[in-house]
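Participant: Contents of input-v3.cif (mmCIF, C-alpha atoms and all ligand atoms) are below:
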```
data_work
#
loop_
_atom_site.label_atom_id
_atom_site.label_comp_id
_atom_site.auth_asym_id
_atom_site.auth_seq_id
_atom_site.Cartn_x
_atom_site.Cartn_y
_atom_site.Cartn_z
CA MET A 4 -4.36 -5.25 20.05
CA SER A 5 -1.62 -2.81 19.09
CA LEU A 6 -2.59 -0.29 16.45
CA THR A 7 1.01 0.41 15.49
CA PHE A 8 3.64 -1.67 13.69
CA LEU A 9 7.39 -1.20 13.54
CA LEU A 10 8.02 -1.21 9.79
CA GLY A 11 11.45 -2.54 8.89
CA GLY A 12 12.22 -2.59 12.62
CA ASP A 13 12.56 1.19 12.93
CA LEU A 14 9.55 3.10 11.55
CA SER A 15 6.55 3.16 13.84
CA VAL A 16 3.42 3.32 11.67
CA ASN A 17 -0.24 3.40 12.53
CA ARG A 18 -1.87 0.27 11.18
CA ILE A 19 -4.69 2.28 9.65
CA GLY A 20 -3.01 3.79 6.64
CA TYR A 21 -4.27 5.28 3.41
CA GLY A 22 -3.99 4.06 -0.19
CA ALA A 23 -3.73 7.07 -2.50
CA MET A 24 -4.33 5.30 -5.84
CA ARG A 25 -7.85 6.64 -6.27
CA LEU A 26 -6.56 10.22 -6.26
CA CYS A 27 -6.08 10.01 -10.03
CA ALA A 28 -8.37 10.66 -12.98
CA GLN A 29 -10.74 7.82 -13.81
CA PRO A 30 -11.10 5.37 -15.42
CA GLY A 31 -7.95 3.37 -14.86
CA ASN A 32 -6.28 5.72 -12.34
CA PHE A 33 -4.85 7.48 -15.38
CA GLY A 34 -4.12 11.20 -15.39
CA ARG A 35 -4.25 13.95 -12.80
CA PHE A 36 -6.97 13.79 -10.16
CA THR A 37 -9.63 16.16 -11.43
CA ASP A 38 -10.07 18.06 -8.16
CA TRP A 39 -6.40 18.54 -7.31
CA GLU A 40 -7.04 20.86 -4.34
CA ALA A 41 -9.61 18.48 -2.85
CA GLY A 42 -7.05 15.69 -3.19
CA LYS A 43 -4.55 17.73 -1.22
CA ARG A 44 -7.14 18.47 1.46
CA LEU A 45 -7.96 14.78 1.76
CA LEU A 46 -4.32 13.80 2.20
CA ARG A 47 -3.80 16.50 4.82
CA ARG A 48 -6.94 15.47 6.66
CA ALA A 49 -5.75 11.84 6.73
CA VAL A 50 -2.52 12.92 8.40
CA GLU A 51 -4.44 15.19 10.78
CA LEU A 52 -6.51 12.16 11.82
CA GLY A 53 -3.39 10.17 12.64
CA VAL A 54 -2.64 8.35 9.38
CA ASN A 55 1.14 8.19 9.01
CA PHE A 56 1.48 5.50 6.33
CA ILE A 57 0.49 6.41 2.77
CA ASP A 58 0.82 4.04 -0.17
CA THR A 59 1.33 5.19 -3.75
CA ALA A 60 3.16 4.05 -6.91
CA HIS A 61 4.82 5.52 -9.95
CA ALA A 62 2.12 3.82 -12.05
CA TYR A 63 -0.73 5.75 -10.38
CA GLY A 64 -1.32 8.56 -12.79
CA PRO A 65 1.46 7.73 -13.75
CA SER A 66 3.62 10.06 -11.65
CA CYS A 67 0.88 12.56 -10.75
CA ASN A 68 -0.27 10.63 -7.66
CA GLU A 69 3.24 11.01 -6.21
CA GLU A 70 3.30 14.62 -7.34
CA LEU A 71 0.01 15.29 -5.49
CA ILE A 72 1.37 13.72 -2.28
CA GLY A 73 4.58 15.74 -2.50
CA GLU A 74 2.65 18.93 -3.09
CA ALA A 75 0.15 18.25 -0.28
CA LEU A 76 2.45 17.02 2.43
CA ALA A 77 6.09 18.05 1.89
CA PRO A 78 7.83 19.01 4.08
CA TYR A 79 6.38 15.93 5.75
CA PRO A 80 5.29 16.10 9.37
CA ALA A 81 7.58 14.02 11.59
CA GLY A 82 6.79 10.33 11.45
CA VAL A 83 4.87 10.32 8.15
CA VAL A 84 5.98 7.34 6.07
CA ILE A 85 5.45 7.29 2.30
CA ALA A 86 5.59 3.99 0.48
CA THR A 87 5.86 3.91 -3.29
CA LYS A 88 6.49 1.32 -5.99
CA GLY A 89 8.23 0.88 -9.30
CA GLY A 90 8.19 -1.77 -11.97
CA VAL A 91 4.77 -1.23 -13.52
CA GLU A 92 4.24 1.13 -16.45
CA LYS A 93 0.97 2.65 -17.59
CA THR A 94 0.59 4.37 -20.95
CA ALA A 95 -3.23 4.53 -21.16
CA PRO A 96 -6.08 3.66 -18.78
CA ASP A 97 -6.07 0.09 -20.07
CA LYS A 98 -2.40 -0.24 -21.10
CA VAL A 99 -0.45 -1.52 -18.14
CA PHE A 100 2.72 -3.61 -18.34
CA THR A 101 5.61 -4.64 -16.15
CA ASP A 102 9.14 -3.31 -16.59
CA GLY A 103 11.35 -4.65 -13.84
CA ARG A 104 14.64 -4.04 -15.63
CA PRO A 105 17.21 -2.62 -13.22
CA GLU A 106 17.68 0.51 -15.33
CA ASN A 107 13.95 1.21 -15.35
CA LEU A 108 13.63 0.70 -11.58
CA ARG A 109 16.49 3.14 -11.04
CA ARG A 110 14.93 5.73 -13.36
CA ARG A 111 11.52 5.44 -11.69
CA CYS A 112 12.97 5.53 -8.18
CA GLU A 113 14.84 8.74 -9.02
CA GLU A 114 11.63 10.27 -10.37
CA SER A 115 9.77 9.24 -7.23
CA LEU A 116 12.40 10.93 -5.05
CA ARG A 117 11.87 14.15 -6.98
CA LEU A 118 8.07 14.05 -7.09
CA LEU A 119 7.64 13.02 -3.47
CA ARG A 120 10.21 15.67 -2.53
CA VAL A 121 12.26 13.37 -0.32
CA GLU A 122 15.93 12.47 -0.17
CA ARG A 123 15.21 8.88 0.70
CA ILE A 124 12.12 6.77 0.06
CA ASP A 125 10.91 5.15 3.29
CA LEU A 126 9.59 2.02 1.57
CA TYR A 127 10.25 1.17 -2.07
CA GLN A 128 8.26 -1.77 -3.35
CA LEU A 129 8.70 -3.85 -6.48
CA HIS A 130 5.19 -3.38 -7.87
CA ARG A 131 5.00 -6.73 -9.64
CA PRO A 132 7.58 -9.31 -10.75
CA ASP A 133 8.37 -8.92 -14.45
CA PRO A 134 8.12 -12.26 -16.28
CA ASN A 135 10.75 -11.03 -18.76
CA VAL A 136 13.37 -10.09 -16.16
CA PRO A 137 14.97 -12.46 -13.63
CA PHE A 138 13.27 -11.70 -10.29
CA ALA A 139 16.67 -11.54 -8.56
CA ASP A 140 17.79 -8.80 -10.97
CA SER A 141 14.80 -6.59 -10.11
CA VAL A 142 15.19 -7.14 -6.37
CA GLY A 143 18.95 -6.67 -6.71
CA ALA A 144 18.40 -3.29 -8.36
CA ILE A 145 16.29 -2.08 -5.43
CA ALA A 146 18.87 -3.48 -2.99
CA GLU A 147 21.46 -1.39 -4.80
CA LEU A 148 19.31 1.76 -4.44
CA ARG A 149 19.06 0.96 -0.76
CA GLY A 150 22.83 0.62 -0.56
CA GLU A 151 23.11 4.10 -2.09
CA GLY A 152 20.78 5.56 0.55
CA LYS A 153 17.95 6.33 -1.90
CA VAL A 154 15.67 3.77 -0.31
CA ARG A 155 15.31 3.00 3.38
CA HIS A 156 13.33 -0.25 3.26
CA VAL A 157 12.49 -2.69 0.48
CA GLY A 158 9.04 -4.17 -0.12
CA LEU A 159 7.45 -6.54 -2.60
CA SER A 160 4.02 -6.63 -4.19
CA ASN A 161 2.04 -9.32 -5.98
CA VAL A 162 4.49 -12.06 -5.02
CA THR A 163 4.43 -15.70 -4.00
CA LEU A 164 5.93 -17.21 -0.87
CA ALA A 165 8.81 -18.63 -2.94
CA GLN A 166 9.57 -15.18 -4.34
CA ILE A 167 9.55 -13.63 -0.86
CA GLU A 168 12.05 -16.24 0.28
CA GLU A 169 14.24 -15.67 -2.77
CA ALA A 170 14.18 -11.89 -2.22
CA ARG A 171 15.07 -12.26 1.45
CA GLY A 172 18.26 -13.99 0.33
CA ILE A 173 19.22 -10.75 -1.46
CA VAL A 174 18.05 -7.95 0.85
CA PRO A 175 15.93 -7.61 4.01
CA ILE A 176 12.27 -7.40 3.04
CA ALA A 177 10.18 -5.04 5.17
CA SER A 178 6.75 -5.52 3.57
CA VAL A 179 4.60 -7.57 1.23
CA GLN A 180 1.57 -6.10 -0.55
CA ASN A 181 -0.80 -8.66 -2.05
CA ARG A 182 -4.53 -8.86 -2.70
CA TYR A 183 -6.26 -10.11 0.43
CA ASN A 184 -9.49 -9.41 2.25
CA LEU A 185 -12.15 -11.06 4.34
CA ILE A 186 -13.62 -13.00 1.42
CA GLU A 187 -10.43 -13.53 -0.65
CA ARG A 188 -8.08 -15.40 1.62
CA ALA A 189 -5.94 -17.46 -0.76
CA ASP A 190 -2.94 -15.55 0.58
CA ASP A 191 -3.42 -16.82 4.16
CA PRO A 192 -0.07 -18.72 4.12
CA VAL A 193 1.76 -15.53 3.04
CA VAL A 194 0.06 -13.51 5.81
CA ASP A 195 1.20 -16.14 8.33
CA TYR A 196 4.72 -16.25 6.91
CA CYS A 197 5.00 -12.47 7.17
CA THR A 198 3.69 -12.54 10.74
CA THR A 199 6.33 -15.10 11.70
CA HIS A 200 9.14 -13.08 10.13
CA GLY A 201 8.11 -9.60 11.30
CA ILE A 202 7.31 -8.46 7.74
CA ALA A 203 4.48 -5.94 7.31
CA TYR A 204 1.58 -7.26 5.24
CA LEU A 205 -0.36 -4.64 3.24
CA PRO A 206 -3.54 -6.20 1.85
CA TRP A 207 -4.68 -4.42 -1.27
CA GLY A 208 -8.32 -4.35 -2.24
CA PRO A 209 -9.25 -4.43 1.46
CA LEU A 210 -12.73 -3.17 0.71
CA ALA A 211 -13.38 -5.55 -2.16
CA ALA A 212 -15.23 -7.65 0.37
CA LYS A 213 -18.36 -6.07 -1.04
CA PRO A 214 -20.69 -9.07 -0.68
CA PHE A 215 -19.85 -9.18 3.01
CA ALA A 216 -20.48 -5.43 3.26
CA ARG A 217 -24.18 -6.09 2.91
CA GLU A 218 -24.08 -7.72 6.35
CA ALA A 219 -21.77 -5.21 8.06
CA PRO A 220 -20.91 -1.86 6.47
CA LEU A 221 -17.23 -1.77 5.42
CA ALA A 222 -16.36 0.89 7.92
CA SER A 223 -18.11 -0.50 10.96
CA LYS A 224 -16.97 -2.28 14.09
CA HIS A 225 -17.74 -5.61 12.45
CA GLY A 226 -16.64 -4.66 8.96
CA ALA A 227 -13.86 -5.79 6.65
CA LEU A 228 -11.24 -3.33 7.95
CA ALA A 229 -11.67 -4.24 11.60
CA TRP A 230 -11.42 -7.91 10.60
CA LEU A 231 -8.10 -7.33 8.78
CA LEU A 232 -6.61 -5.45 11.73
CA ARG A 233 -7.59 -8.28 14.05
CA ARG A 234 -6.37 -10.96 11.59
CA SER A 235 -2.70 -10.34 12.28
CA PRO A 236 -0.61 -7.74 14.16
CA ASN A 237 1.60 -7.10 11.12
CA ILE A 238 -1.28 -6.10 8.83
CA ILE A 239 -1.39 -2.42 7.90
CA VAL A 240 -4.60 -1.52 6.05
CA ILE A 241 -4.48 0.98 3.17
CA PRO A 242 -8.13 1.61 2.25
CA GLY A 243 -8.53 3.98 -0.65
CA THR A 244 -11.14 6.69 -0.87
CA THR A 245 -11.79 10.04 -2.50
CA SER A 246 -14.40 10.93 0.12
CA LEU A 247 -13.69 12.73 3.37
CA THR A 248 -16.68 11.03 4.97
CA HIS A 249 -15.40 7.56 4.02
CA LEU A 250 -11.89 8.50 5.14
CA GLU A 251 -13.11 9.47 8.59
CA ALA A 252 -15.34 6.39 8.85
CA ASN A 253 -12.52 4.03 7.81
CA ILE A 254 -10.15 5.46 10.39
CA ALA A 255 -12.76 5.34 13.13
CA ALA A 256 -13.74 1.75 12.27
CA GLY A 257 -10.18 0.57 12.57
CA ARG A 258 -10.02 1.88 16.11
CA MET A 259 -12.78 -0.40 17.37
CA PRO A 260 -11.01 -3.69 18.05
CA LEU A 261 -12.91 -6.96 17.71
CA SER A 262 -12.99 -9.47 20.53
CA ASP A 263 -11.80 -13.04 19.85
CA GLU A 264 -15.41 -14.23 19.73
CA GLU A 265 -16.44 -11.51 17.28
CA PHE A 266 -13.44 -12.24 15.09
CA ALA A 267 -14.20 -15.97 15.03
CA ALA A 268 -17.86 -15.34 14.21
CA ILE A 269 -17.07 -12.98 11.32
CA THR A 270 -14.41 -15.34 9.94
CA ALA A 271 -16.87 -18.23 10.00
CA SER A 272 -19.68 -16.20 8.44
CA ALA A 273 -17.50 -15.10 5.52
CA THR A 274 -16.04 -18.55 4.77
N1 LIG B 1 -0.04 -3.49 -5.25
C1 LIG B 1 -1.03 -3.50 -6.10
O1 LIG B 1 -0.96 -4.15 -7.15
C2 LIG B 1 -2.25 -2.70 -5.79
C3 LIG B 1 -3.41 -2.83 -6.58
C4 LIG B 1 -4.53 -2.07 -6.22
C5 LIG B 1 -4.48 -1.22 -5.13
N2 LIG B 1 -3.32 -1.10 -4.39
C6 LIG B 1 -3.24 -0.23 -3.20
O2 LIG B 1 -4.32 -0.52 -2.35
C7 LIG B 1 -5.04 0.68 -2.05
C8 LIG B 1 -6.50 0.35 -1.87
O3 LIG B 1 -7.00 -0.23 -3.06
P1 LIG B 1 -8.35 0.18 -3.77
O4 LIG B 1 -8.54 1.66 -3.70
O5 LIG B 1 -8.39 -0.47 -5.08
O6 LIG B 1 -9.43 -0.59 -3.00
P2 LIG B 1 -10.22 -0.46 -1.71
O7 LIG B 1 -9.53 0.39 -0.73
O8 LIG B 1 -10.56 -1.83 -1.32
O9 LIG B 1 -11.58 0.23 -2.19
C9 LIG B 1 -11.69 1.53 -2.58
C10 LIG B 1 -13.14 1.71 -3.01
O10 LIG B 1 -13.99 1.57 -1.88
C11 LIG B 1 -14.75 2.78 -1.69
N3 LIG B 1 -14.76 3.06 -0.26
C12 LIG B 1 -13.74 3.46 0.54
N4 LIG B 1 -14.14 3.60 1.81
C13 LIG B 1 -15.46 3.28 1.84
C14 LIG B 1 -16.46 3.24 2.85
N5 LIG B 1 -16.16 3.54 4.12
N6 LIG B 1 -17.70 2.87 2.51
C15 LIG B 1 -18.01 2.55 1.24
N7 LIG B 1 -17.11 2.57 0.23
C16 LIG B 1 -15.86 2.93 0.51
C17 LIG B 1 -14.05 3.86 -2.48
O11 LIG B 1 -14.96 4.79 -3.02
P3 LIG B 1 -15.01 6.33 -2.51
O12 LIG B 1 -13.89 7.05 -3.18
O13 LIG B 1 -16.35 6.79 -2.94
O14 LIG B 1 -14.87 6.30 -1.01
C18 LIG B 1 -13.40 3.06 -3.62
O15 LIG B 1 -14.32 2.87 -4.67
C19 LIG B 1 -4.74 1.59 -3.24
O16 LIG B 1 -4.91 2.94 -2.94
C20 LIG B 1 -3.32 1.25 -3.52
O17 LIG B 1 -2.48 2.00 -2.65
C21 LIG B 1 -2.24 -1.84 -4.71
#
```
Would you kindly transcribe this structure into structure tokens?
Facilitator:
Amino acid sequence: MSLTFLLGGDLSVNRIGYGAMRLCAQPGNFGRFTDWEAGKRLLRRAVELGVNFIDTAHAYGPSCNEELIGEALAPYPAGVVIATKGGVEKTAPDKVFTDGRPENLRRRCEESLRLLRVERIDLYQLHRPDPNVPFADSVGAIAELRGEGKVRHVGLSNVTLAQIEEARGIVPIASVQNRYNLIERADDPVVDYCTTHGIAYLPWGPLAAKPFAREAPLASKHGALAWLLRRSPNIIVIPGTTSLTHLEANIAAGRMPLSDEEFAAITASAT
């Protein structure tokens, strides 16, 4: 089993990534992470341990999650890939709404460039389709940013198979990020579609398989992360944690590949 994936056909990423969302104040991932220096140390440690794919979004914080990453890691070590998203706005811990208007996506993308301290965003994802904006207009806006060199690859999040196909008619799609884990597998057809088409699949909520965790700790050889990595070669996991101990355990767990028999047994036991 390969532990790397060629994102967008040209960025080699380790399939054990890191989701930075939790490095914000709580509740609601709203506001600056309270221990800013510890957040920076955690991000640097992740990279030191071989993580070279980090997922964030404008909405995390908002803005301050990207700011933390920029401050911790820029200038980025060679090969580190930062993925961010636009199209979701947060004005209070419990006030979250979509804004996929082209002008808003452009504004947020330009802010992300500044906060992440990059000249081009490796992977820019539409965070969620906006029911009030034609999907093609939102995707078209990101395609335009790509045309201008502000974005290298385009990704989608919280989308259906039909929306992925529609988007692929507008611009190459490098990744899809939907909720998926060992015990929530409604997105199986999307995982398979992405595998067929060489699109990275980033399951969010990978550790939400909590009931299963009672049988095998999340970060163990037979846990939810190892299962995801074995599920499909295009899956990149982005477990989120604020704990150095959990970070190290998650990375180590991903490096213990399951055999076919073990995979089949875990799949059956969680169905
Ligand atoms: N596209 C979207 O709409 C969307 C939505 C949600 C999330 N995401 C992305 O997905 C990433 C992951 O999502 P998530 O943080 O919600 O969920 P998650 O990774 O499934 O779970 C994180 C939770 O699990 C705990 N945890 C982490 N490692 C553990 C371990 N080894 N043992 C026990 N507990 C552990 C963390 O607590 P500790 O801090 O104590 O370790 C935290 O409470 C986010 O960072 C974000 O990048 C995307």
Participant: Select, from A:Ala170, A:Ala95, A:Ile72, A:Leu52, the residue with the minimum atom-to-atom distance to Ala28 (chain A), counting all atoms listed in the file.
Facilitator: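 Looking at the shortest contact to Ala28 (chain A), the residue is A:Ala95.
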Participant: Within 12 Å of Pro96 (chain A), counting all atoms listed in the file, which residues qualify if same-chain residues fewer than 4 places away don't, as a list in words?
Facilitator: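 Answer for this query is Cys27, Ala28, Gln29, Pro30, Gly31, Asn32, Phe33, Gly34, Ala62, Tyr63, Gly64, Pro65, Glu92 and Phe100 of chain A.
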Participant: Would you be able to write out as a list of chain:residue names which residues have an atom within 9 Å of (-1.8, 18.2, 5.0) in the file's coordinates, counting all atoms listed in the file?
Facilitator: A:Lys43, A:Arg44, A:Leu45, A:Leu46, A:Arg47, A:Arg48, A:Ala49, A:Val50, A:Glu51, A:Ala75, A:Leu76, A:Ala77, A:Tyr79, A:Pro80
Participant: Set out as a tab-separated table a contact list for chain A and ligand LIG 1 (chain B) with a cut-off of 7 Å, giving each residue of chain A that qualifies its closest atom pair and distance in Å to one decimal, counting only C-alpha atoms and all ligand atoms, ordered by chain and rising residue number.
Facilitator:
```
residue	atom	partner	partner_atom	distance
A:Tyr21	CA	B:LIG1	O16	6.8
A:Gly22	CA	B:LIG1	O16	3.1
A:Ala23	CA	B:LIG1	O16	4.3
A:Met24	CA	B:LIG1	O16	3.8
A:Arg25	CA	B:LIG1	O4	5.6
A:Asp58	CA	B:LIG1	O17	4.6
A:Thr59	CA	B:LIG1	O17	5.1
A:His130	CA	B:LIG1	N1	5.9
A:Arg131	CA	B:LIG1	O1	7.0
A:Ser160	CA	B:LIG1	N1	5.2
A:Asn161	CA	B:LIG1	O1	6.1
A:Gln180	CA	B:LIG1	N1	5.6
A:Asn181	CA	B:LIG1	N1	6.1
A:Trp207	CA	B:LIG1	O2	4.1
A:Gly208	CA	B:LIG1	O8	3.5
A:Pro209	CA	B:LIG1	O8	4.0
A:Leu210	CA	B:LIG1	O8	3.3
A:Ala211	CA	B:LIG1	O8	4.7
A:Pro220	CA	B:LIG1	N6	7.0
A:Leu221	CA	B:LIG1	N6	5.5
A:Ala222	CA	B:LIG1	N5	4.6
A:Ile241	CA	B:LIG1	C7	5.3
A:Pro242	CA	B:LIG1	O7	3.5
A:Gly243	CA	B:LIG1	O7	3.7
A:Thr244	CA	B:LIG1	O12	3.6
A:Thr245	CA	B:LIG1	O12	3.7
A:Ser246	CA	B:LIG1	O14	4.8
A:His249	CA	B:LIG1	N5	4.1
A:Leu250	CA	B:LIG1	N4	6.3
A:Ala252	CA	B:LIG1	N5	5.6
A:Asn253	CA	B:LIG1	N5	5.2
```
Participant: If I take CA of Gly158 (chain A) and CA of Asn184 (chain A), how far is one from the other in Å, to one decimal?
Facilitator: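 Value for the CA of Gly158 (chain A)-CA of Asn184 (chain A) distance: 19.4 Å.
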Participant: As a list in words, please: the residues near Leu10 (chain A) (cut-off 8 Å, all atoms listed in the file, same-chain neighbours under 3 positions excluded).
Facilitator: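 Within the cut-off, the hits are Asp13, Leu14, Ser15, Val16, Ala177, Ser178, Ile202 and Ala203 of chain A.
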Participant: Excluding region 189-198 of chain A and its own-chain neighbours fewer than 3 positions away, which residues fall within 10 Å of it when counting only C-alpha atoms? Please give them as a list in words.
Facilitator: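 Residues near the query, excluding close chain neighbours: Val162, Thr163, Leu164, Ala165, Ile167, Glu168, Ile176, Ala177, Ser178, Val179, Gln180, Asn181, Arg182, Tyr183, Asn184, Ile186, Gly201, Ile202, Ala203, Tyr204, Leu205, Pro206, Arg234, Ser235, Pro236, Asn237 and Ile238 of chain A.
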Participant: In Å to one decimal, how far is CA of Lys88 (chain A) from CA of Leu26 (chain A)?
Facilitator: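 Straight-line distance from CA of Leu26 (chain A) to CA of Lys88 (chain A) works out to 15.8 Å.
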Participant: Of the candidates A:Leu247, A:Asn17, A:Val54, A:Gly11, which one gets nearest to Ala41 (chain A) if we count only C-alpha atoms?
Facilitator: A:Leu247
Participant: Leaving out Leu6 (chain A) and any residue of its chain fewer than 2 positions from it, which residues lie within 9 Å of it when counting only C-alpha atoms, given as a PyMOL selection string?
Facilitator: chain A and resi 4+8+16-19+232+236+239+257-258
Participant: Determine, for each residue of region 154-192 of chain A having at least one atom at most 8 Å from an atom of region 141-147 of chain A, the closest pair of atoms and their separation in Å to one decimal, counting only C-alpha atoms; order by chain and ascending number, as a tab-separated table.
Facilitator:
```
residue	atom	partner	partner_atom	distance
A:Val154	CA	A:Ile145	CA	7.8
A:Val157	CA	A:Ile145	CA	7.1
A:Ala170	CA	A:Val142	CA	6.4
A:Ile173	CA	A:Gly143	CA	6.7
A:Val174	CA	A:Ala146	CA	5.9
```
Participant: Under the rule that only C-alpha atoms are counted, which of A:Pro175, A:Gly20, A:Pro137, A:Gly53 is the nearest residue to Val240 (chain A)?
Facilitator: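 Checking each candidate against Val240 (chain A), we get A:Gly20 as the closest.
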Participant: Taking all atoms listed in the file into account, name the residue in A:Cys67, A:Ile269, A:Ala255, A:Ala139 that is nearest to Gly172 (chain A).
Facilitator: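 Using all atoms listed in the file, the shortest distance to Gly172 (chain A) belongs to A:Ala139.
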Participant: Please compute the CA of Thr274 (chain A)-CA of Thr248 (chain A) distance, one decimal, in Å.
Facilitator: 29.6 Å
Participant: Taking only C-alpha atoms into account, which of A:Ala229, A:Ala60, A:Leu9, A:Ile254 comes nearest Gly82 (chain A)?
Facilitator: A:Leu9
